[in-house]
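Quick look at upload.cif (mmCIF, C-alpha atoms):
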```
data_data
#
loop_
_atom_site.group_PDB
_atom_site.id
_atom_site.type_symbol
_atom_site.label_atom_id
_atom_site.label_comp_id
_atom_site.auth_asym_id
_atom_site.auth_seq_id
_atom_site.Cartn_x
_atom_site.Cartn_y
_atom_site.Cartn_z
ATOM 1 C CA MET A 2 -66.157 -237.301 -16.990
ATOM 2 C CA HIS A 3 -69.763 -236.100 -16.679
ATOM 3 C CA GLY A 4 -72.672 -237.660 -14.862
ATOM 4 C CA LEU A 5 -75.881 -239.499 -15.666
ATOM 5 C CA ALA A 6 -78.129 -238.025 -18.368
ATOM 6 C CA ARG A 7 -75.625 -235.239 -19.018
ATOM 7 C CA THR A 8 -73.099 -234.564 -21.782
ATOM 8 C CA HIS A 9 -69.506 -233.350 -21.887
ATOM 9 C CA ARG A 10 -70.872 -229.803 -22.080
ATOM 10 C CA SER A 11 -71.876 -229.992 -18.425
ATOM 11 C CA MET A 12 -68.182 -230.194 -17.495
ATOM 12 C CA SER A 13 -67.149 -227.311 -19.753
ATOM 13 C CA PRO A 14 -66.939 -224.781 -16.868
ATOM 14 C CA LEU A 15 -63.939 -226.713 -15.553
ATOM 15 C CA VAL A 16 -61.978 -226.773 -18.800
ATOM 16 C CA ARG A 17 -60.604 -223.242 -18.856
ATOM 17 C CA PRO A 18 -59.573 -223.085 -15.166
ATOM 18 C CA LEU A 19 -57.719 -226.377 -15.545
ATOM 19 C CA GLU A 20 -56.022 -225.307 -18.753
ATOM 20 C CA GLU A 21 -54.976 -222.033 -17.145
ATOM 21 C CA SER A 22 -53.406 -224.091 -14.363
ATOM 22 C CA GLY A 23 -51.283 -225.954 -16.890
ATOM 23 C CA TYR A 24 -53.307 -229.098 -17.539
ATOM 24 C CA ALA A 25 -54.107 -230.548 -20.959
ATOM 25 C CA VAL A 26 -57.822 -231.329 -20.694
ATOM 26 C CA VAL A 27 -59.773 -234.152 -22.317
ATOM 27 C CA ASN A 28 -63.510 -233.601 -21.765
ATOM 28 C CA VAL A 29 -64.980 -237.066 -22.225
ATOM 29 C CA GLY A 30 -68.513 -237.676 -23.462
ATOM 30 C CA TYR A 31 -70.282 -241.037 -23.296
ATOM 31 C CA PRO A 32 -73.860 -242.367 -23.785
ATOM 32 C CA SER A 33 -74.771 -242.552 -20.100
ATOM 33 C CA ARG A 34 -78.392 -243.635 -20.610
ATOM 34 C CA ARG A 35 -77.785 -246.410 -23.130
ATOM 35 C CA HIS A 36 -75.675 -248.955 -21.278
ATOM 36 C CA SER A 37 -74.939 -250.532 -17.917
ATOM 37 C CA ILE A 38 -72.128 -249.361 -15.670
ATOM 38 C CA GLU A 39 -70.176 -252.493 -16.612
ATOM 39 C CA ASP A 40 -70.260 -251.457 -20.276
ATOM 40 C CA LEU A 41 -69.870 -247.712 -19.731
ATOM 41 C CA ALA A 42 -66.769 -247.915 -17.537
ATOM 42 C CA PRO A 43 -64.332 -249.202 -20.198
ATOM 43 C CA LEU A 44 -66.054 -247.141 -22.879
ATOM 44 C CA ALA A 45 -65.794 -243.803 -21.085
ATOM 45 C CA VAL A 46 -62.473 -244.243 -19.287
ATOM 46 C CA GLY A 47 -60.869 -245.959 -22.268
ATOM 47 C CA SER A 48 -61.944 -243.152 -24.586
ATOM 48 C CA GLY A 49 -60.356 -240.591 -22.299
ATOM 49 C CA LEU A 50 -57.109 -242.497 -21.903
ATOM 50 C CA GLU A 51 -56.721 -242.840 -25.663
ATOM 51 C CA GLN A 52 -56.631 -239.041 -25.924
ATOM 52 C CA CYS A 53 -54.093 -238.515 -23.140
ATOM 53 C CA PRO A 54 -50.298 -238.410 -23.553
ATOM 54 C CA SER A 55 -48.768 -241.775 -22.668
ATOM 55 C CA ASP A 56 -45.763 -240.212 -20.946
ATOM 56 C CA ALA A 57 -47.619 -237.978 -18.464
ATOM 57 C CA ALA A 58 -49.611 -238.487 -15.284
ATOM 58 C CA VAL A 59 -53.342 -238.730 -15.957
ATOM 59 C CA HIS A 60 -55.645 -237.072 -13.426
ATOM 60 C CA PHE A 61 -59.433 -237.460 -13.386
ATOM 61 C CA VAL A 62 -62.191 -235.025 -12.476
ATOM 62 C CA THR A 63 -65.610 -236.679 -12.425
ATOM 63 C CA HIS A 64 -69.192 -235.737 -11.683
ATOM 64 C CA SER A 65 -71.742 -238.106 -10.136
ATOM 65 C CA LEU A 66 -71.946 -241.330 -12.220
ATOM 66 C CA GLY A 67 -68.564 -240.502 -13.773
ATOM 67 C CA GLY A 68 -66.920 -241.266 -10.439
ATOM 68 C CA ILE A 69 -68.594 -244.672 -10.201
ATOM 69 C CA LEU A 70 -67.468 -245.518 -13.736
ATOM 70 C CA LEU A 71 -63.884 -244.703 -12.804
ATOM 71 C CA ARG A 72 -64.079 -246.786 -9.609
ATOM 72 C CA LYS A 73 -65.523 -249.696 -11.594
ATOM 73 C CA TYR A 74 -62.744 -249.397 -14.173
ATOM 74 C CA LEU A 75 -59.987 -249.265 -11.549
ATOM 75 C CA ALA A 76 -61.471 -252.202 -9.650
ATOM 76 C CA GLU A 77 -60.748 -254.378 -12.692
ATOM 77 C CA ARG A 78 -57.841 -252.663 -14.464
ATOM 78 C CA GLN A 79 -54.772 -250.602 -13.718
ATOM 79 C CA ILE A 80 -53.763 -247.215 -15.083
ATOM 80 C CA ALA A 81 -49.983 -247.184 -14.806
ATOM 81 C CA ASN A 82 -49.664 -243.404 -14.897
ATOM 82 C CA LEU A 83 -52.713 -242.606 -12.750
ATOM 83 C CA GLY A 84 -52.365 -239.313 -10.915
ATOM 84 C CA ARG A 85 -54.976 -237.840 -8.585
ATOM 85 C CA VAL A 86 -58.764 -237.983 -8.765
ATOM 86 C CA VAL A 87 -61.431 -235.480 -7.737
ATOM 87 C CA MET A 88 -65.034 -236.656 -7.634
ATOM 88 C CA LEU A 89 -67.843 -234.099 -7.539
ATOM 89 C CA ALA A 90 -71.048 -235.313 -5.838
ATOM 90 C CA PRO A 91 -70.387 -239.046 -6.416
ATOM 91 C CA PRO A 92 -72.985 -241.577 -5.194
ATOM 92 C CA ASN A 93 -70.246 -243.717 -3.645
ATOM 93 C CA GLN A 94 -72.771 -245.434 -1.372
ATOM 94 C CA GLY A 95 -75.643 -245.183 -3.859
ATOM 95 C CA SER A 96 -78.683 -242.910 -3.747
ATOM 96 C CA GLU A 97 -81.985 -243.399 -1.945
ATOM 97 C CA VAL A 98 -83.649 -241.552 -4.823
ATOM 98 C CA VAL A 99 -83.008 -244.602 -6.995
ATOM 99 C CA ASP A 100 -84.375 -246.911 -4.290
ATOM 100 C CA PHE A 101 -87.683 -245.047 -4.292
ATOM 101 C CA TYR A 102 -88.084 -244.295 -7.991
ATOM 102 C CA ARG A 103 -86.772 -247.469 -9.618
ATOM 103 C CA HIS A 104 -90.322 -248.888 -9.889
ATOM 104 C CA VAL A 105 -91.937 -245.637 -10.996
ATOM 105 C CA PRO A 106 -92.976 -245.766 -14.678
ATOM 106 C CA GLY A 107 -90.571 -243.840 -16.863
ATOM 107 C CA PHE A 108 -87.604 -243.901 -14.468
ATOM 108 C CA ARG A 109 -85.659 -246.445 -16.486
ATOM 109 C CA ALA A 110 -86.452 -244.654 -19.746
ATOM 110 C CA LEU A 111 -85.077 -241.400 -18.349
ATOM 111 C CA ASN A 112 -82.010 -242.815 -16.611
ATOM 112 C CA GLY A 113 -81.169 -245.986 -18.508
ATOM 113 C CA PRO A 114 -79.613 -249.221 -17.219
ATOM 114 C CA ALA A 115 -76.838 -247.404 -15.335
ATOM 115 C CA GLY A 116 -79.338 -245.301 -13.410
ATOM 116 C CA MET A 117 -81.049 -248.463 -12.188
ATOM 117 C CA GLN A 118 -77.743 -249.661 -10.709
ATOM 118 C CA LEU A 119 -77.163 -246.701 -8.387
ATOM 119 C CA GLY A 120 -79.341 -247.663 -5.419
ATOM 120 C CA THR A 121 -78.209 -248.237 -1.848
ATOM 121 C CA ASP A 122 -78.979 -251.948 -1.614
ATOM 122 C CA PRO A 123 -76.049 -254.346 -1.085
ATOM 123 C CA GLN A 124 -76.236 -255.531 -4.711
ATOM 124 C CA SER A 125 -75.995 -252.065 -6.253
ATOM 125 C CA VAL A 126 -72.803 -251.355 -8.160
ATOM 126 C CA PRO A 127 -71.508 -248.620 -5.810
ATOM 127 C CA ARG A 128 -71.980 -250.839 -2.742
ATOM 128 C CA ARG A 129 -70.142 -253.761 -4.367
ATOM 129 C CA LEU A 130 -67.056 -251.766 -5.349
ATOM 130 C CA PRO A 131 -63.926 -252.059 -3.180
ATOM 131 C CA PRO A 132 -62.395 -249.171 -1.191
ATOM 132 C CA VAL A 133 -60.282 -246.828 -3.280
ATOM 133 C CA ASP A 134 -56.511 -247.291 -3.360
ATOM 134 C CA PHE A 135 -55.610 -244.094 -5.204
ATOM 135 C CA GLU A 136 -55.404 -240.425 -4.202
ATOM 136 C CA LEU A 137 -59.023 -239.289 -4.121
ATOM 137 C CA GLY A 138 -60.607 -236.031 -3.066
ATOM 138 C CA VAL A 139 -64.411 -235.859 -2.825
ATOM 139 C CA VAL A 140 -66.469 -232.669 -3.067
ATOM 140 C CA ALA A 141 -70.023 -233.053 -1.752
ATOM 141 C CA GLY A 142 -72.898 -230.614 -2.219
ATOM 142 C CA SER A 143 -75.232 -229.608 0.606
ATOM 143 C CA ARG A 144 -77.754 -227.362 -1.181
ATOM 144 C CA SER A 145 -80.776 -228.786 -2.971
ATOM 145 C CA VAL A 146 -82.872 -227.207 -5.702
ATOM 146 C CA ASN A 147 -85.097 -230.288 -5.837
ATOM 147 C CA LEU A 148 -87.043 -230.436 -2.602
ATOM 148 C CA ILE A 149 -89.134 -233.375 -3.850
ATOM 149 C CA LEU A 150 -86.132 -235.641 -4.286
ATOM 150 C CA SER A 151 -84.541 -234.351 -1.085
ATOM 151 C CA ARG A 152 -87.461 -235.863 0.837
ATOM 152 C CA PHE A 153 -85.952 -239.284 0.187
ATOM 153 C CA LEU A 154 -82.387 -238.366 1.130
ATOM 154 C CA PRO A 155 -80.668 -238.085 4.497
ATOM 155 C CA SER A 156 -79.871 -234.444 5.191
ATOM 156 C CA PRO A 157 -77.703 -232.663 4.214
ATOM 157 C CA ASP A 158 -77.947 -233.468 0.523
ATOM 158 C CA ASP A 159 -77.595 -231.907 -2.919
ATOM 159 C CA GLY A 160 -80.950 -233.019 -4.315
ATOM 160 C CA LYS A 161 -79.645 -236.307 -5.727
ATOM 161 C CA VAL A 162 -77.037 -237.610 -3.273
ATOM 162 C CA SER A 163 -76.574 -237.149 0.472
ATOM 163 C CA VAL A 164 -73.281 -235.790 1.778
ATOM 164 C CA GLU A 165 -72.732 -239.019 3.707
ATOM 165 C CA SER A 166 -73.231 -241.135 0.595
ATOM 166 C CA THR A 167 -70.407 -239.357 -1.230
ATOM 167 C CA LYS A 168 -67.840 -240.765 1.178
ATOM 168 C CA VAL A 169 -65.809 -243.907 0.488
ATOM 169 C CA ASP A 170 -63.168 -245.812 2.416
ATOM 170 C CA GLY A 171 -59.645 -244.918 1.327
ATOM 171 C CA MET A 172 -60.353 -241.350 0.181
ATOM 172 C CA SER A 173 -57.637 -238.811 0.957
ATOM 173 C CA ASP A 174 -59.802 -235.759 1.614
ATOM 174 C CA HIS A 175 -63.445 -234.692 1.696
ATOM 175 C CA VAL A 176 -65.090 -231.283 1.642
ATOM 176 C CA THR A 177 -68.688 -230.053 1.616
ATOM 177 C CA VAL A 178 -69.820 -226.991 -0.310
ATOM 178 C CA ALA A 179 -73.206 -225.258 -0.424
ATOM 179 C CA HIS A 180 -74.063 -226.148 -4.020
ATOM 180 C CA SER A 181 -76.592 -228.358 -5.790
ATOM 181 C CA HIS A 182 -75.917 -231.609 -7.608
ATOM 182 C CA PRO A 183 -76.390 -230.518 -11.236
ATOM 183 C CA LEU A 184 -74.514 -227.206 -10.968
ATOM 184 C CA ILE A 185 -71.688 -227.976 -8.569
ATOM 185 C CA MET A 186 -68.991 -227.811 -11.263
ATOM 186 C CA ARG A 187 -69.950 -224.222 -12.130
ATOM 187 C CA SER A 188 -68.838 -222.897 -8.754
ATOM 188 C CA THR A 189 -65.598 -220.913 -8.783
ATOM 189 C CA ARG A 190 -64.941 -222.199 -5.281
ATOM 190 C CA VAL A 191 -65.318 -225.802 -6.420
ATOM 191 C CA GLN A 192 -63.015 -225.173 -9.371
ATOM 192 C CA GLN A 193 -60.396 -223.844 -6.948
ATOM 193 C CA LEU A 194 -60.791 -226.924 -4.770
ATOM 194 C CA VAL A 195 -60.308 -229.211 -7.768
ATOM 195 C CA ILE A 196 -57.111 -227.444 -8.787
ATOM 196 C CA SER A 197 -55.824 -227.490 -5.198
ATOM 197 C CA PHE A 198 -56.291 -231.230 -4.840
ATOM 198 C CA LEU A 199 -54.763 -232.070 -8.201
ATOM 199 C CA ALA A 200 -51.705 -230.011 -7.280
ATOM 200 C CA THR A 201 -51.221 -231.021 -3.648
ATOM 201 C CA GLY A 202 -53.382 -234.033 -2.833
ATOM 202 C CA ARG A 203 -55.405 -231.942 -0.360
ATOM 203 C CA PHE A 204 -58.203 -229.394 -0.497
ATOM 204 C CA GLU A 205 -57.148 -225.971 0.690
ATOM 205 C CA SER A 206 -58.433 -225.105 4.153
#
```
I need this file expressed as structure tokens, please.
Amino acid sequence: MHGLARTHRSMSPLVRPLEESGYAVVNVGYPSRRHSIEDLAPLAVGSGLEQCPSDAAVHFVTHSLGGILLRKYLAERQIANLGRVVMLAPPNQGSEVVDFYRHVPGFRALNGPAGMQLGTDPQSVPRRLPPVDFELGVVAGSRSVNLILSRFLPSPDDGKVSVESTKVDGMSDHVTVAHSHPLIMRSTRVQQLVISFLATGRFES
């Protein structure tokens, strides 16, 4: 599941490596800028589940907002055959970028209702979600290609989310890689980490 203001094409680099590792892949697309997180969560996750075999474990690989949608979904519903989850650069504690830019003209138009909900204040959606109770591995990025946005983030960061903000209580494993937020899924190293966690529940050392 892709992130905010992206499409399913952004996750395409992961499809072939996962298929070559034996997984049947459903690359979910959803209108990330049109709806709130509350509306997007059942839309995106539900769409993916409908395309998955009912008799097999269902694993999730998410990027950015996609991870928050899955957490929101699982906070209210159960997936009986849920397997493991890998989140790439998730704003699990929100993003200071949203705190600063939410009142800047054009921010809402570019990022939609869901983007407005990703701040770090106590009422933001990420901060109101419960700890995770499923097998979760988090991959954080520590290289920024957007030095303007990085000014508002605690270092290290990936240009949109700080490494610290990717963490969440209950996660099974966490790893930091030297990649930027928008391109983290293109890294061969990250792809290997995803496959390792889905297979073993841990990132390789």
Worksheet entry | Expansion of the PyMOL selection byres ((chain A and resi 102-109) around 12) into residues, as a PyMOL selection string | chain A and resi 6+34-37+96-101+110-121+149-150+153+161
Discussion item. Report, in Å with one decimal, the straight-line distance from atom CA of A:Val59 to atom CA of A:Gly30.
Written reply: 17.0 Å
At a cut-off of 12 Å, can you tabulate as a Markdown table every residue of stretch 43-86 of chain A near stretch 177-184 of chain A together with its closest atom pair and the distance in Å to one decimal, using all atoms listed in the file and ordering rows by chain then number?
```
| residue | atom | partner | partner_atom | distance |
| --- | --- | --- | --- | --- |
| A:His64 | CA | A:His182 | CA | 8.9 |
| A:Ser65 | CA | A:His182 | CA | 8.1 |
| A:Leu66 | CA | A:His182 | CA | 11.5 |
```
Taking all listed atoms of stretch 4-10 of chain A, build the axis-aligned box, pad each of the six sides by 5 Å, then write its centre and edge lengths in Å to one decimal as lines of an AutoDock Vina configuration file.
```
center_x = -73.8
center_y = -234.7
center_z = -18.5
size_x = 18.6
size_y = 19.7
size_z = 17.2
```
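Coordinates place atom CA of A:Val86 at a distance of 6.2 Å from atom CA of A:Glu136.
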Worksheet entry | Distance query A:Leu50 at most 9 Å, all atoms listed in the file, self and fewer than 4 positions along chain excluded, as a ChimeraX atom specification | /A:27,45-46,54-55,59,80
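Atom CA of A:Glu51 is positioned 22.1 Å from atom CA of A:Ser22.
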Item to complete: Can you pull out every residue within 8 Å of A:Leu15, counting only C-alpha atoms, but drop anything in the same chain fewer than 3 positions away, and send it as a ChimeraX atom specification?
Response: /A:12,18-19,186-187,192
Worksheet item: From the list A:Val191, A:Val162, A:Val146, A:Ala42, which residue is nearest A:Leu70 when using only C-alpha atoms?
Response: A:Ala42
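All polymer residues at most 10 Å from (-60.3, -252.8, -22.2), using all atoms listed in the file, appear as Ala42, Pro43, Leu44, Val46, Gly47, Tyr74, Glu77 and Arg78 of chain A.
Proximity of A:Ile185, A:Gly68, A:Leu75, A:Arg203 to A:Lys168, computed with all atoms listed in the file, is greatest for A:Gly68.
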What residues have an atom no more than 8 Å from (-56.8, -237.2, -6.5) in the file's own frame, counting all atoms listed in the file, and can you write them as a PDB file with C-alpha atoms, in the coordinates of the input?
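New file part29.pdb:
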```
ATOM      1  CA  HIS A  60     -55.645-237.072 -13.426  1.00  0.00           C
ATOM      2  CA  PHE A  61     -59.433-237.460 -13.386  1.00  0.00           C
ATOM      3  CA  GLY A  84     -52.365-239.313 -10.915  1.00  0.00           C
ATOM      4  CA  ARG A  85     -54.976-237.840  -8.585  1.00  0.00           C
ATOM      5  CA  VAL A  86     -58.764-237.983  -8.765  1.00  0.00           C
ATOM      6  CA  VAL A  87     -61.431-235.480  -7.737  1.00  0.00           C
ATOM      7  CA  PHE A 135     -55.610-244.094  -5.204  1.00  0.00           C
ATOM      8  CA  GLU A 136     -55.404-240.425  -4.202  1.00  0.00           C
ATOM      9  CA  LEU A 137     -59.023-239.289  -4.121  1.00  0.00           C
ATOM     10  CA  GLY A 138     -60.607-236.031  -3.066  1.00  0.00           C
ATOM     11  CA  SER A 173     -57.637-238.811   0.957  1.00  0.00           C
ATOM     12  CA  PHE A 198     -56.291-231.230  -4.840  1.00  0.00           C
ATOM     13  CA  LEU A 199     -54.763-232.070  -8.201  1.00  0.00           C
ATOM     14  CA  GLY A 202     -53.382-234.033  -2.833  1.00  0.00           C
TER      15      GLY A 202
END
```
Practice prompt. Have a look at A:Ser11, A:Ser48, A:Val164, A:Arg17 and name the one nearest to A:Gln193; count all atoms listed in the file.
Written response: A:Arg17
Fill in: Chain and number of each residue from the PyMOL selection byres ((chain A and resi 128) around 10), as a PyMOL selection string
chain A and resi 92-95+118-127+129-132+169
